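Structure first, commentary second.
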Amino acid sequence: MEFFFIITLLYPGYSGANYLTRKGTVTAKPGETRQDLHNKVLVSIHNSVDDPGIRHANVVFFSLEINELPVTV
């Protein structure tokens with residue numbers, strides 16, 4: 001099942017505190033939990049941001065919802 005996420009991180013940088021907000025989709029495999037998906041998103045950000053401070057980020061905001069909207073007529 002596919003989920004839409006928004007995440008905002010606060011992390012130390014060379015010139016003080018930095019914020020980073022990302023949005024996108026993540027797919028859950030059978031048996032995965034919200035925590036598993038949260039960790040997937042964080043690992044993805046850690047691997048894509050070229051700033052060592054990102055590994056010390058604090059999550060300021062995290063939203064995870066089913067991506068598919070209900071059918072309306």
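Order determines the names: the first chain of the structure tokens is A, the second B, and so forth; residues in each chain are numbered 1 upward, and ligands are numbered 1 upward as they are shown.
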Spatial neighbours of region 5-18 of chain A, max dist 6 Å, only C-alpha atoms, sep filter under 4 positions, as number ranges by chain: A: 22-25, 53-54, 57-64
Create the file for the chosen residues now, containing N, CA, C and O atoms and written as a PDB file, in the first residue's frame.
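Now in out.pdb:
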```pdb
ATOM      1  N   ARG A  22      10.546  17.583   3.380  1.00  0.00           N
ATOM      2  CA  ARG A  22      10.415  16.720   2.208  1.00  0.00           C
ATOM      3  C   ARG A  22       9.006  16.157   2.182  1.00  0.00           C
ATOM      4  O   ARG A  22       8.365  15.968   3.216  1.00  0.00           O
ATOM      5  N   LYS A  23       8.540  15.865   0.976  1.00  0.00           N
ATOM      6  CA  LYS A  23       7.257  15.203   0.797  1.00  0.00           C
ATOM      7  C   LYS A  23       7.431  14.165  -0.293  1.00  0.00           C
ATOM      8  O   LYS A  23       8.326  14.272  -1.142  1.00  0.00           O
ATOM      9  N   GLY A  24       6.591  13.142  -0.234  1.00  0.00           N
ATOM     10  CA  GLY A  24       6.688  12.107  -1.247  1.00  0.00           C
ATOM     11  C   GLY A  24       5.835  10.915  -0.869  1.00  0.00           C
ATOM     12  O   GLY A  24       4.964  11.004  -0.004  1.00  0.00           O
ATOM     13  N   THR A  25       6.100   9.809  -1.527  1.00  0.00           N
ATOM     14  CA  THR A  25       5.365   8.587  -1.227  1.00  0.00           C
ATOM     15  C   THR A  25       6.336   7.506  -0.795  1.00  0.00           C
ATOM     16  O   THR A  25       7.514   7.506  -1.165  1.00  0.00           O
ATOM     17  N   GLY A  53      25.411  17.053   9.344  1.00  0.00           N
ATOM     18  CA  GLY A  53      24.504  17.399  10.426  1.00  0.00           C
ATOM     19  C   GLY A  53      23.154  16.704  10.330  1.00  0.00           C
ATOM     20  O   GLY A  53      22.455  16.554  11.335  1.00  0.00           O
ATOM     21  N   ILE A  54      22.790  16.259   9.133  1.00  0.00           N
ATOM     22  CA  ILE A  54      21.473  15.634   8.943  1.00  0.00           C
ATOM     23  C   ILE A  54      21.319  14.371   9.787  1.00  0.00           C
ATOM     24  O   ILE A  54      20.219  14.016  10.186  1.00  0.00           O
ATOM     25  N   ALA A  57      19.560  15.039  13.096  1.00  0.00           N
ATOM     26  CA  ALA A  57      18.317  15.805  12.951  1.00  0.00           C
ATOM     27  C   ALA A  57      17.263  15.376  13.968  1.00  0.00           C
ATOM     28  O   ALA A  57      17.188  14.217  14.365  1.00  0.00           O
ATOM     29  N   ASN A  58      16.464  16.358  14.357  1.00  0.00           N
ATOM     30  CA  ASN A  58      15.274  16.111  15.159  1.00  0.00           C
ATOM     31  C   ASN A  58      14.057  16.262  14.251  1.00  0.00           C
ATOM     32  O   ASN A  58      13.986  17.191  13.442  1.00  0.00           O
ATOM     33  N   VAL A  59      13.107  15.363  14.419  1.00  0.00           N
ATOM     34  CA  VAL A  59      11.878  15.434  13.625  1.00  0.00           C
ATOM     35  C   VAL A  59      10.971  16.471  14.276  1.00  0.00           C
ATOM     36  O   VAL A  59      10.606  16.363  15.447  1.00  0.00           O
ATOM     37  N   VAL A  60      10.624  17.488  13.504  1.00  0.00           N
ATOM     38  CA  VAL A  60       9.737  18.550  13.977  1.00  0.00           C
ATOM     39  C   VAL A  60       8.298  18.212  13.606  1.00  0.00           C
ATOM     40  O   VAL A  60       7.373  18.481  14.365  1.00  0.00           O
ATOM     41  N   PHE A  61       8.120  17.594  12.442  1.00  0.00           N
ATOM     42  CA  PHE A  61       6.783  17.249  11.965  1.00  0.00           C
ATOM     43  C   PHE A  61       6.875  16.013  11.092  1.00  0.00           C
ATOM     44  O   PHE A  61       7.808  15.879  10.298  1.00  0.00           O
ATOM     45  N   PHE A  62       5.898  15.103  11.252  1.00  0.00           N
ATOM     46  CA  PHE A  62       5.815  13.933  10.384  1.00  0.00           C
ATOM     47  C   PHE A  62       4.348  13.578  10.202  1.00  0.00           C
ATOM     48  O   PHE A  62       3.611  13.437  11.166  1.00  0.00           O
ATOM     49  N   SER A  63       3.940  13.475   8.952  1.00  0.00           N
ATOM     50  CA  SER A  63       2.571  13.069   8.624  1.00  0.00           C
ATOM     51  C   SER A  63       2.655  11.916   7.635  1.00  0.00           C
ATOM     52  O   SER A  63       3.446  11.954   6.690  1.00  0.00           O
ATOM     53  N   LEU A  64       1.827  10.903   7.855  1.00  0.00           N
ATOM     54  CA  LEU A  64       1.793   9.725   6.993  1.00  0.00           C
ATOM     55  C   LEU A  64       0.336   9.318   6.824  1.00  0.00           C
ATOM     56  O   LEU A  64      -0.343   9.032   7.804  1.00  0.00           O
TER      57      LEU A  64
END
```
Every residue of chain A that DSSP places in strand (DSSP E), as JSON, numbers by chain: {"A": [2, 3, 4, 5, 6, 7, 8, 9, 10, 11, 12, 13, 16, 17, 18, 19, 20, 21, 22, 23, 24, 25, 26, 27, 58, 59, 60, 61, 62, 63, 64, 65, 66]}
DSSP-assigned helix (DSSP H, G or I) members of chain A, reported as a list in words: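 Here is the list: Arg34, Gln35, Asp36, Leu37, His38, Asn39, Lys40, Val41, Leu42, Val43, Ser44, Ile45, His46, Asn47, Ser48, Pro52, Gly53, Ile54, Arg55 and His56 of chain A.
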Please produce a file of those selected residues containing N, CA, C and O atoms, as a tab-separated table (two decimals), in the first residue's frame.
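File written: out-v8.tsv
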```tsv
chain	number	residue	atom	x	y	z
A	34	ARG	N	3.93	1.83	10.93
A	34	ARG	CA	4.18	3.26	10.72
A	34	ARG	C	5.63	3.61	11.09
A	34	ARG	O	6.28	4.41	10.43
A	35	GLN	N	6.11	3.00	12.17
A	35	GLN	CA	7.48	3.25	12.59
A	35	GLN	C	8.46	2.77	11.51
A	35	GLN	O	9.46	3.45	11.24
A	36	ASP	N	8.20	1.64	10.89
A	36	ASP	CA	9.05	1.16	9.80
A	36	ASP	C	9.09	2.17	8.65
A	36	ASP	O	10.15	2.45	8.10
A	37	LEU	N	7.94	2.72	8.31
A	37	LEU	CA	7.88	3.69	7.21
A	37	LEU	C	8.58	4.99	7.60
A	37	LEU	O	9.27	5.61	6.78
A	38	HIS	N	8.42	5.41	8.84
A	38	HIS	CA	9.13	6.59	9.35
A	38	HIS	C	10.63	6.38	9.20
A	38	HIS	O	11.35	7.26	8.71
A	39	ASN	N	11.11	5.22	9.59
A	39	ASN	CA	12.54	4.92	9.48
A	39	ASN	C	13.00	4.87	8.03
A	39	ASN	O	14.10	5.34	7.71
A	40	LYS	N	12.17	4.32	7.13
A	40	LYS	CA	12.49	4.31	5.70
A	40	LYS	C	12.69	5.72	5.17
A	40	LYS	O	13.63	6.00	4.41
A	41	VAL	N	11.78	6.61	5.55
A	41	VAL	CA	11.86	8.00	5.09
A	41	VAL	C	13.14	8.65	5.63
A	41	VAL	O	13.87	9.31	4.88
A	42	LEU	N	13.44	8.46	6.90
A	42	LEU	CA	14.65	9.05	7.48
A	42	LEU	C	15.91	8.52	6.81
A	42	LEU	O	16.82	9.29	6.50
A	43	VAL	N	15.98	7.23	6.58
A	43	VAL	CA	17.15	6.64	5.91
A	43	VAL	C	17.31	7.22	4.51
A	43	VAL	O	18.41	7.56	4.08
A	44	SER	N	16.20	7.38	3.82
A	44	SER	CA	16.23	7.95	2.48
A	44	SER	C	16.80	9.38	2.51
A	44	SER	O	17.62	9.76	1.67
A	45	ILE	N	16.37	10.17	3.49
A	45	ILE	CA	16.87	11.54	3.63
A	45	ILE	C	18.35	11.52	4.00
A	45	ILE	O	19.15	12.27	3.43
A	46	HIS	N	18.73	10.68	4.94
A	46	HIS	CA	20.14	10.59	5.34
A	46	HIS	C	21.03	10.27	4.14
A	46	HIS	O	22.14	10.80	4.03
A	47	ASN	N	20.53	9.42	3.25
A	47	ASN	CA	21.32	9.00	2.09
A	47	ASN	C	21.33	10.03	0.96
A	47	ASN	O	22.18	9.96	0.08
A	48	SER	N	20.39	10.97	0.98
A	48	SER	CA	20.29	11.90	-0.15
A	48	SER	C	20.75	13.32	0.17
A	48	SER	O	20.92	14.12	-0.73
A	52	PRO	N	26.67	16.45	6.92
A	52	PRO	CA	26.83	15.52	8.04
A	52	PRO	C	25.89	15.81	9.21
A	52	PRO	O	25.55	14.91	9.97
A	53	GLY	N	25.41	17.05	9.34
A	53	GLY	CA	24.50	17.40	10.43
A	53	GLY	C	23.15	16.70	10.33
A	53	GLY	O	22.46	16.55	11.33
A	54	ILE	N	22.79	16.26	9.13
A	54	ILE	CA	21.47	15.63	8.94
A	54	ILE	C	21.32	14.37	9.79
A	54	ILE	O	20.22	14.02	10.19
A	55	ARG	N	22.41	13.71	10.09
A	55	ARG	CA	22.35	12.48	10.91
A	55	ARG	C	21.96	12.79	12.36
A	55	ARG	O	21.62	11.89	13.11
A	56	HIS	N	22.02	14.05	12.74
A	56	HIS	CA	21.67	14.46	14.10
A	56	HIS	C	20.35	15.23	14.12
A	56	HIS	O	20.07	15.96	15.07
```
